[in-house]
>>> print(open('protein_35.cif').read())   # mmCIF, C-alpha atoms and all ligand atoms
data_final
loop_
_atom_site.label_atom_id
_atom_site.label_comp_id
_atom_site.auth_asym_id
_atom_site.auth_seq_id
_atom_site.Cartn_x
_atom_site.Cartn_y
_atom_site.Cartn_z
CA MET A 363 -72.96 5.40 51.11
CA SER A 364 -70.69 6.45 48.23
CA ASN A 365 -68.41 8.54 50.51
CA LEU A 366 -67.86 5.52 52.69
CA GLN A 367 -66.99 3.35 49.69
CA VAL A 368 -64.28 5.48 48.08
CA ASP A 369 -61.41 7.48 49.58
CA GLU A 370 -60.55 11.10 48.87
CA ASN A 371 -58.67 9.99 45.72
CA GLY A 372 -61.67 8.09 44.38
CA ARG A 373 -60.16 4.68 45.16
CA LEU A 374 -62.22 1.79 46.51
CA ARG A 375 -62.14 1.56 50.32
CA HIS A 376 -65.19 -0.56 51.21
CA PHE A 377 -67.36 -2.44 48.71
CA LEU A 378 -70.90 -2.18 50.04
CA SER A 379 -73.08 -1.53 47.04
CA ILE A 380 -72.89 -0.89 43.29
CA GLU A 381 -74.94 2.25 43.87
CA GLY A 382 -72.73 5.32 44.15
CA LEU A 383 -69.80 3.85 42.20
CA ASN A 384 -68.90 5.10 38.73
CA ARG A 385 -68.15 3.31 35.48
CA GLN A 386 -64.39 3.76 35.95
CA ILE A 387 -64.33 1.84 39.25
CA LEU A 388 -66.54 -0.94 37.87
CA THR A 389 -64.31 -1.21 34.80
CA ASP A 390 -61.19 -1.25 37.02
CA ILE A 391 -62.68 -4.15 38.99
CA LEU A 392 -63.40 -6.09 35.78
CA ASP A 393 -59.95 -5.35 34.30
CA THR A 394 -58.19 -6.26 37.53
CA ALA A 395 -60.22 -9.49 37.76
CA GLU A 396 -59.23 -10.25 34.18
CA SER A 397 -55.57 -9.82 35.03
CA PHE A 398 -55.92 -12.37 37.87
CA SER A 399 -57.48 -15.03 35.66
CA GLY A 400 -54.17 -16.59 34.63
CA ILE A 401 -53.30 -17.46 38.22
CA THR A 402 -55.71 -20.42 38.09
CA ASP A 403 -53.52 -22.10 35.48
CA GLN A 404 -50.28 -21.65 37.41
CA HIS A 405 -48.68 -24.45 39.38
CA ILE A 406 -48.77 -22.30 42.53
CA LYS A 407 -52.08 -20.44 42.48
CA LYS A 408 -50.93 -17.52 44.61
CA VAL A 409 -49.73 -13.91 44.48
CA PRO A 410 -48.34 -12.18 47.58
CA LEU A 411 -50.49 -9.03 47.46
CA LEU A 412 -52.21 -9.58 50.83
CA ARG A 413 -49.49 -11.58 52.60
CA GLY A 414 -49.72 -11.00 56.36
CA ARG A 415 -53.28 -9.64 56.20
CA ILE A 416 -56.12 -11.24 58.14
CA ILE A 417 -59.48 -11.54 56.41
CA VAL A 418 -62.58 -12.63 58.32
CA ASN A 419 -65.57 -14.34 56.72
CA LEU A 420 -68.56 -13.24 58.82
CA PHE A 421 -71.55 -15.08 57.36
CA PHE A 422 -74.72 -14.70 59.41
CA GLU A 423 -76.70 -16.32 56.55
CA SER A 424 -75.98 -19.56 54.73
CA SER A 425 -73.84 -19.58 51.60
CA THR A 426 -71.99 -22.03 49.41
CA ARG A 427 -70.58 -20.06 46.45
CA THR A 428 -69.91 -16.65 47.97
CA ARG A 429 -68.25 -17.78 51.19
CA THR A 430 -66.09 -20.39 49.50
CA THR A 431 -64.92 -18.20 46.63
CA PHE A 432 -64.09 -15.35 49.04
CA GLU A 433 -61.97 -17.80 51.00
CA LEU A 434 -60.26 -19.11 47.87
CA ALA A 435 -59.70 -15.58 46.59
CA ALA A 436 -58.17 -14.47 49.90
CA LYS A 437 -55.87 -17.51 49.94
CA ARG A 438 -54.77 -16.82 46.37
CA LEU A 439 -53.80 -13.34 47.55
CA SER A 440 -51.77 -15.02 50.35
CA ALA A 441 -53.94 -13.61 53.16
CA ASP A 442 -54.77 -15.53 56.34
CA VAL A 443 -58.49 -16.35 56.48
CA LEU A 444 -60.75 -16.81 59.51
CA ASN A 445 -64.15 -18.40 58.92
CA ILE A 446 -66.38 -17.55 61.85
CA ASN A 447 -68.98 -20.24 62.47
CA ILE A 448 -71.83 -18.00 63.58
CA ASN A 449 -73.92 -20.91 64.88
CA ALA A 450 -71.07 -21.86 67.21
CA SER A 451 -70.05 -18.30 68.11
CA ALA A 452 -70.89 -16.08 71.07
CA THR A 453 -73.62 -14.48 68.92
CA THR A 454 -75.81 -17.40 70.02
CA LYS A 455 -75.22 -16.29 73.65
CA GLY A 456 -76.51 -12.80 72.94
CA GLU A 457 -73.34 -10.97 71.92
CA THR A 458 -74.17 -7.94 69.78
CA LEU A 459 -72.83 -7.39 66.28
CA LEU A 460 -70.76 -4.45 67.53
CA ASP A 461 -69.22 -6.49 70.35
CA THR A 462 -68.33 -9.25 67.89
CA LEU A 463 -66.74 -6.59 65.70
CA ARG A 464 -64.71 -5.08 68.56
CA ASN A 465 -63.37 -8.50 69.53
CA LEU A 466 -62.28 -9.27 65.97
CA GLU A 467 -60.61 -5.86 65.78
CA ALA A 468 -58.72 -6.73 68.97
CA MET A 469 -57.35 -9.75 67.09
CA HIS A 470 -55.82 -7.32 64.53
CA CYS A 471 -58.03 -8.33 61.62
CA ASP A 472 -57.83 -6.24 58.45
CA MET A 473 -60.99 -7.01 56.48
CA PHE A 474 -64.52 -8.26 57.13
CA ILE A 475 -66.54 -10.06 54.49
CA VAL A 476 -70.13 -9.75 55.71
CA ARG A 477 -73.31 -11.58 54.81
CA HIS A 478 -76.38 -10.76 56.87
CA ALA A 479 -80.17 -11.04 56.58
CA GLU A 480 -80.62 -7.37 57.54
CA SER A 481 -80.36 -4.79 54.76
CA GLY A 482 -77.71 -2.20 55.62
CA SER A 483 -75.69 -4.43 57.97
CA ALA A 484 -72.43 -4.25 55.96
CA HIS A 485 -72.82 -0.48 55.81
CA PHE A 486 -73.38 -0.40 59.57
CA ILE A 487 -70.20 -2.39 60.19
CA ALA A 488 -68.19 -0.16 57.83
CA GLN A 489 -69.44 2.89 59.73
CA HIS A 490 -68.40 1.48 63.10
CA ALA A 491 -65.18 -0.36 62.25
CA GLN A 492 -61.75 1.11 62.95
CA PRO A 493 -60.48 3.28 60.07
CA HIS A 494 -57.88 0.78 58.79
CA ILE A 495 -60.46 -2.01 58.45
CA ARG A 496 -62.08 -2.74 55.10
CA VAL A 497 -65.59 -4.17 54.70
CA ILE A 498 -66.98 -6.09 51.73
CA ASN A 499 -70.70 -6.78 51.46
CA ALA A 500 -71.34 -10.44 50.63
CA GLY A 501 -75.12 -9.92 50.52
CA ASP A 502 -77.36 -7.95 52.91
CA GLY A 503 -81.08 -8.69 53.08
CA ARG A 504 -82.90 -7.54 49.94
CA HIS A 505 -80.52 -4.62 49.49
CA SER A 506 -77.31 -5.51 47.69
CA HIS A 507 -74.93 -8.27 46.56
CA PRO A 508 -72.26 -6.26 44.77
CA THR A 509 -69.60 -8.92 44.19
CA GLN A 510 -72.27 -11.21 42.67
CA ALA A 511 -73.22 -8.42 40.28
CA MET A 512 -69.57 -7.86 39.32
CA LEU A 513 -68.88 -11.54 38.67
CA ASP A 514 -72.01 -11.53 36.51
CA MET A 515 -70.70 -8.47 34.62
CA LEU A 516 -67.36 -10.22 34.10
CA THR A 517 -69.15 -13.30 32.75
CA ILE A 518 -71.23 -11.18 30.37
CA ARG A 519 -68.20 -9.18 29.20
CA ARG A 520 -66.20 -12.35 28.53
CA HIS A 521 -68.96 -13.62 26.23
CA LYS A 522 -70.46 -10.47 24.75
CA LYS A 523 -67.74 -7.76 24.97
CA ASP A 524 -69.83 -4.60 24.49
CA PHE A 525 -72.59 -3.76 26.98
CA SER A 526 -73.95 -0.99 24.75
CA LYS A 527 -75.21 -3.56 22.24
CA LEU A 528 -76.94 -5.90 24.68
CA LYS A 529 -80.50 -6.77 25.62
CA VAL A 530 -80.42 -8.37 29.07
CA ALA A 531 -83.50 -10.00 30.63
CA ILE A 532 -83.60 -10.70 34.39
CA VAL A 533 -86.32 -13.26 35.14
CA GLY A 534 -87.94 -14.30 38.40
CA ASP A 535 -88.29 -12.99 41.91
CA ILE A 536 -87.20 -9.39 41.29
CA LEU A 537 -89.06 -8.14 44.39
CA HIS A 538 -86.93 -9.96 46.98
CA SER A 539 -83.67 -10.11 45.06
CA ARG A 540 -80.58 -8.21 46.22
CA VAL A 541 -78.84 -9.77 43.20
CA ALA A 542 -81.30 -8.24 40.72
CA ARG A 543 -80.98 -4.81 42.35
CA SER A 544 -77.17 -4.89 42.10
CA GLN A 545 -77.22 -6.32 38.57
CA ILE A 546 -79.59 -3.60 37.33
CA GLN A 547 -77.33 -0.92 38.83
CA ALA A 548 -74.17 -2.44 37.34
CA LEU A 549 -75.71 -3.05 33.89
CA SER A 550 -77.00 0.50 33.86
CA ILE A 551 -73.65 2.08 34.89
CA LEU A 552 -71.84 -0.02 32.25
CA GLY A 553 -74.17 1.34 29.55
CA THR A 554 -76.32 -1.70 28.70
CA SER A 555 -78.64 -0.93 25.79
CA GLU A 556 -81.79 -2.53 27.23
CA ILE A 557 -82.45 -4.02 30.67
CA ARG A 558 -85.67 -6.00 31.14
CA VAL A 559 -87.23 -7.58 34.19
CA VAL A 560 -89.70 -10.45 33.78
CA ALA A 561 -91.89 -11.70 36.64
CA PRO A 562 -95.43 -12.23 37.86
CA ARG A 563 -96.90 -8.88 38.88
CA THR A 564 -96.69 -9.94 42.56
CA LEU A 565 -92.90 -10.36 42.29
CA LEU A 566 -92.18 -6.99 40.66
CA PRO A 567 -91.38 -4.03 42.94
CA ALA A 568 -93.75 -1.06 42.77
CA LYS A 569 -92.56 1.56 40.25
CA VAL A 570 -89.93 -0.88 38.93
CA GLN A 571 -89.57 1.25 35.77
CA SER A 572 -87.95 3.97 37.90
CA LEU A 573 -84.90 1.65 38.05
CA GLY A 574 -84.45 2.20 34.30
CA VAL A 575 -85.81 -1.18 33.23
CA HIS A 576 -88.62 -2.42 30.97
CA ALA A 577 -91.04 -4.67 32.88
CA TYR A 578 -92.76 -7.76 31.43
CA THR A 579 -95.15 -10.29 32.91
CA ASP A 580 -94.97 -12.66 29.91
CA LEU A 581 -91.77 -14.72 29.74
CA LYS A 582 -91.65 -15.22 25.97
CA GLU A 583 -92.17 -11.49 25.33
CA GLY A 584 -89.60 -10.59 27.97
CA ILE A 585 -86.83 -12.80 26.56
CA ARG A 586 -87.54 -12.09 22.85
CA ASP A 587 -84.24 -11.34 21.06
CA ALA A 588 -82.38 -11.30 24.40
CA ASP A 589 -78.58 -11.72 24.35
CA VAL A 590 -78.37 -12.57 28.05
CA ILE A 591 -81.00 -14.17 30.30
CA ILE A 592 -80.42 -14.12 34.04
CA MET A 593 -82.71 -16.46 35.96
CA LEU A 594 -83.31 -15.77 39.68
CA ARG A 595 -84.18 -18.06 42.53
CA LEU A 596 -87.61 -17.81 44.15
CA GLN A 597 -86.71 -16.40 47.59
CA GLN A 598 -89.32 -18.33 49.56
CA GLU A 599 -87.62 -17.38 52.84
CA ARG A 600 -88.35 -13.68 52.17
CA MET A 601 -91.95 -14.10 50.98
CA GLN A 602 -94.71 -13.10 53.35
CA GLY A 603 -98.13 -14.39 52.36
CA ALA A 604 -99.11 -16.14 49.14
CA LEU A 605 -97.40 -14.30 46.30
CA LEU A 606 -97.49 -17.32 43.98
CA PRO A 607 -100.16 -19.91 43.16
CA SER A 608 -97.78 -22.93 43.24
CA SER A 609 -94.25 -23.93 42.19
CA HIS A 610 -95.76 -26.07 39.42
CA GLU A 611 -97.73 -23.18 37.97
CA TYR A 612 -94.73 -20.86 38.31
CA PHE A 613 -92.63 -23.29 36.26
CA GLN A 614 -95.35 -23.51 33.59
CA LEU A 615 -95.39 -19.72 33.19
CA TYR A 616 -91.85 -18.60 34.09
CA GLY A 617 -89.64 -21.69 34.13
CA LEU A 618 -87.05 -21.64 31.34
CA THR A 619 -87.22 -24.54 28.89
CA GLU A 620 -85.62 -25.18 25.49
CA GLU A 621 -88.98 -24.49 23.84
CA LYS A 622 -89.32 -21.03 25.43
CA LEU A 623 -85.66 -20.27 24.72
CA SER A 624 -86.34 -20.29 20.99
CA CYS A 625 -87.63 -16.69 21.39
CA ALA A 626 -84.21 -15.44 22.47
CA ASN A 627 -81.17 -14.81 20.27
CA LYS A 628 -79.43 -17.96 19.01
CA ASP A 629 -76.23 -17.11 20.89
CA VAL A 630 -78.00 -16.15 24.14
CA ILE A 631 -76.22 -17.05 27.36
CA ILE A 632 -78.16 -18.33 30.38
CA MET A 633 -77.07 -17.23 33.84
CA HIS A 634 -78.21 -17.96 37.39
CA PRO A 635 -76.51 -16.80 40.61
CA GLY A 636 -77.36 -20.08 42.35
CA PRO A 637 -78.57 -22.01 44.13
CA ILE A 638 -80.83 -23.26 41.31
CA ASN A 639 -84.20 -24.83 42.03
CA ARG A 640 -84.39 -27.26 39.10
CA GLY A 641 -87.88 -27.72 37.72
CA ILE A 642 -89.00 -24.40 39.23
CA GLU A 643 -86.81 -21.66 37.68
CA MET A 644 -85.49 -23.74 34.79
CA ASP A 645 -85.29 -27.34 33.71
CA SER A 646 -82.09 -29.36 33.77
CA GLN A 647 -81.80 -29.39 29.98
CA VAL A 648 -81.31 -25.61 30.09
CA ALA A 649 -79.30 -25.49 33.32
CA ASP A 650 -76.77 -28.03 32.01
CA GLY A 651 -77.10 -27.14 28.31
CA PRO A 652 -74.57 -25.51 25.97
CA ARG A 653 -75.89 -21.98 26.53
CA SER A 654 -75.63 -22.16 30.31
CA VAL A 655 -72.67 -20.27 31.84
CA VAL A 656 -73.76 -20.90 35.43
CA LEU A 657 -70.56 -22.65 36.52
CA GLN A 658 -68.40 -20.07 34.72
CA GLN A 659 -70.09 -17.47 36.95
CA VAL A 660 -68.85 -19.38 40.00
CA SER A 661 -65.25 -19.54 38.69
CA ASN A 662 -65.33 -15.86 37.73
CA GLY A 663 -66.31 -15.09 41.31
CA ILE A 664 -62.79 -15.95 42.45
CA ASP A 665 -61.16 -13.44 40.07
CA VAL A 666 -63.66 -10.70 40.93
CA ARG A 667 -63.30 -11.22 44.68
CA MET A 668 -59.50 -11.15 44.37
CA ALA A 669 -59.85 -7.86 42.50
CA VAL A 670 -62.19 -6.26 45.02
CA MET A 671 -60.18 -7.36 48.07
CA SER A 672 -56.84 -6.23 46.67
CA MET A 673 -58.24 -2.89 45.48
CA ALA A 674 -59.94 -2.20 48.81
CA MET A 675 -56.75 -3.00 50.71
CA GLY A 676 -54.90 -0.49 48.56
CA SER A 677 -52.56 -3.24 47.41
CA ILE A 678 -53.47 -2.47 43.89
CA ASN A 679 -54.78 0.54 42.02
CA THR A 680 -54.91 -0.50 38.40
CA ALA A 681 -55.08 -3.66 36.37
CA GLU A 682 -51.44 -3.32 35.24
CA THR A 683 -50.06 -3.99 38.71
CA THR A 684 -51.79 -7.37 38.95
CA ASP A 685 -49.81 -8.76 36.05
CA PRO A 686 -47.98 -11.84 37.42
CA ASN A 687 -44.86 -10.52 35.66
CA ALA A 688 -45.08 -7.18 37.46
CA PRO A 689 -42.40 -6.38 40.04
CA ASN A 690 -44.72 -6.99 43.01
CA ALA A 691 -45.48 -10.56 41.92
CA SER A 692 -43.65 -13.34 43.71
CA LYS A 693 -41.01 -15.38 41.88
CA GLU A 694 -43.16 -18.49 42.09
CA THR A 695 -46.03 -16.78 40.24
CA ARG A 696 -43.93 -15.64 37.27
N1 LIG B 701 -75.06 -16.60 44.59
C1 LIG B 701 -74.93 -16.73 45.92
O1 LIG B 701 -74.89 -15.74 46.66
O2 LIG B 701 -74.84 -18.02 46.34
P1 LIG B 701 -74.57 -18.47 47.85
O3 LIG B 701 -75.78 -18.11 48.65
O4 LIG B 701 -74.31 -19.95 47.79
O5 LIG B 701 -73.37 -17.72 48.34
#
>>> encode(input="protein_35.cif", output="structure tokens", more="lines below")
Ligand code: CP
Amino acid sequence: MSNLQVDENGRLRHFLSIEGLNRQILTDILDTAESFSGITDQHIKKVPLLRGRIIVNLFFESSTRTRTTFELAAKRLSADVLNININASATTKGETLLDTLRNLEAMHCDMFIVRHAESGSAHFIAQHAQPHIRVINAGDGRHSHPTQAMLDMLTIRRHKKDFSKLKVAIVGDILHSRVARSQIQALSILGTSEIRVVAPRTLLPAKVQSLGVHAYTDLKEGIRDADVIIMLRLQQERMQGALLPSSHEYFQLYGLTEEKLSCANKDVIIMHPGPINRGIEMDSQVADGPRSVVLQQVSNGIDVRMAVMSMAMGSINTAETTDPNAPNASKETR
């Protein structure tokens, strides 16, 4: 997959997975995202980097945060955006994924943002798309959600600076989570001191330690002295059979409350990719409390998605060129 993701000069071409990318590319994405952050405060929230480009949101699975922030990010880069309503598209009449792709190519589109229930679908599209087309994975099955992982890394870096000093605990449905898989890979590549996963035994993948993490089945032990706690949604739609006794019992054992949080570091930050199931993964006091950075994650998603799209389109190679005062910035953004 790595050859497909980077070109012969090591620059990002498609963004399909964290796996196979190196620390330099991940750091470039974070630095480039950082350089875009000021655009939010400008009167005209736009730079012309992708003017004239056509970006297609192809979401075969539901989404609120990812689809919307990709659209906002593309518009801030001055691209034209098509949102394909899959439920009202010819897919419902039996059109194959490849035929849909060929038709969008015939409309001279430049980039596909793909969310799909099947693992490997974004990779499949990247393999079969015309060479000039770029593909970004917006979440495929249980496999990968790389832009979510990068917006999470940006959020952590903004609060904690140095990954090499951090204990990060990821809590919840590790087994079904593409987010957890991508986060573990990104945290590991960025040199995080200690990565922990905390879950009932039935929601931990077999041989989870081979991912370079410490596994816990007790929440208080797993979050002890943690600097960052990432809570995950129970992915009921991916569960086959009874993996959990009940939502109530899950909350008693693994739901985050102020009382349980006292085991973590005082300045711990609480994250969740969303959507949150309140009263199952955490209570509202924690979700809306002073240590929660959940909504900052959503905002940071715009900067990260701008970074990934502009880098993949070759409009940008380094963080310096995204400076609104740089020569390629429009007059209205300076
Ligand atoms: N975090 C995330 O992927 O949320 P959505 O499903 O709303 O896009």
>>> closest_residue(input="protein_35.cif", among="A:Ile585, A:Ile642, A:Val560, A:Val409", to="Glu611 (chain A)", atoms="only C-alpha atoms")
A:Ile642
>>> closest_atom_pairs(input="protein_35.cif", of="chain A", to="ligand LIG 701 (chain B)", cutoff="9 Å", atoms="only C-alpha atoms and all ligand atoms", output="CSV")
residue,atom,partner,partner_atom,distance
A:Glu423,CA,B:LIG701,O3,8.2
A:Ser424,CA,B:LIG701,O3,6.3
A:Ser425,CA,B:LIG701,O5,3.8
A:Thr426,CA,B:LIG701,O4,3.5
A:Arg427,CA,B:LIG701,O4,4.0
A:Thr428,CA,B:LIG701,O5,3.6
A:Arg429,CA,B:LIG701,O5,5.9
A:Thr430,CA,B:LIG701,O5,7.8
A:Thr431,CA,B:LIG701,O5,8.6
A:Arg477,CA,B:LIG701,O5,8.9
A:Ala500,CA,B:LIG701,O1,7.5
A:Gly501,CA,B:LIG701,O1,7.0
A:His507,CA,B:LIG701,O1,7.5
A:Thr509,CA,B:LIG701,O1,9.0
A:Gln510,CA,B:LIG701,N1,6.4
A:Val541,CA,B:LIG701,N1,7.9
A:His634,CA,B:LIG701,N1,8.0
A:Pro635,CA,B:LIG701,N1,4.2
A:Gly636,CA,B:LIG701,N1,4.7
A:Pro637,CA,B:LIG701,O2,5.9
A:Val660,CA,B:LIG701,N1,8.2
>>> closest_residue(input="protein_35.cif", among="A:Ser544, A:Thr458, A:Ser481, A:Thr579", to="Arg558 (chain A)", atoms="all atoms listed in the file")
A:Thr579
>>> atom_distance(input="protein_35.cif", atom1="CA of Gly482 (chain A)", atom2="CA of Gly663 (chain A)")
22.4 Å
>>> residues_around(input="protein_35.cif", residues="Val666 (chain A)", least_positions_apart="4", cutoff="8 Å", atoms="only C-alpha atoms", output="ChimeraX atom specification")
/A:391-392,394-395,509,512-513,516,662,670
>>> closest_residue(input="protein_35.cif", among="A:Ile487, A:Met593, A:Ala436, A:Ile532", to="Ile664 (chain A)", atoms="all atoms listed in the file")
A:Ala436
>>> atom_distance(input="protein_35.cif", atom1="CA of Lys622 (chain A)", atom2="CA of Lys529 (chain A)")
16.8 Å
>>> closest_residue(input="protein_35.cif", among="A:Glu643, A:Leu566, A:Val575, A:Val530", to="Asp587 (chain A)", atoms="all atoms listed in the file")
A:Val530
>>> residues_around(input="protein_35.cif", residues="Gln386 (chain A)", least_positions_apart="4", cutoff="12 Å", atoms="only C-alpha atoms", output="list in words")
Gly372, Arg373, Leu374, Gly382, Asp390, Ile391, Leu392, Asp393, Thr394, Ala548, Ile551, Leu552, Gly553, Asn679, Thr680 and Ala681 of chain A
>>> atom_distance(input="protein_35.cif", atom1="CA of Arg595 (chain A)", atom2="CA of Asp514 (chain A)")
15.1 Å
>>> axis_aligned_box(input="protein_35.cif", around="region 400-412 of chain A", padding_each_side="6 Å", output="JSON")
{"center_x": -52.0, "center_y": -16.7, "center_z": 42.7, "size_x": 19.4, "size_y": 27.4, "size_z": 28.2}
>>> closest_residue(input="protein_35.cif", among="A:Arg438, A:Lys527, A:Arg600, A:Arg543", to="Ser555 (chain A)", atoms="all atoms listed in the file")
A:Lys527
>>> closest_residue(input="protein_35.cif", among="A:Leu537, A:Leu623, A:Leu618, A:Leu466", to="Thr564 (chain A)", atoms="only C-alpha atoms")
A:Leu537
>>> residues_near_point(input="protein_35.cif", point="(-94.2, -16.9, 35.0)", cutoff="6 Å", atoms="all atoms listed in the file", output="list in words")
Ala561, Pro562, Tyr612, Leu615 and Tyr616 of chain A
>>> residues_around(input="protein_35.cif", residues="Asn627 (chain A)", least_positions_apart="4", cutoff="8 Å", atoms="all atoms listed in the file", output="PyMOL selection string")
chain A and resi 586-589
>>> residues_around(input="protein_35.cif", residues="Glu467 (chain A)", least_positions_apart="5", cutoff="8 Å", atoms="all atoms listed in the file", output="number ranges by chain")
A: 472, 491-492
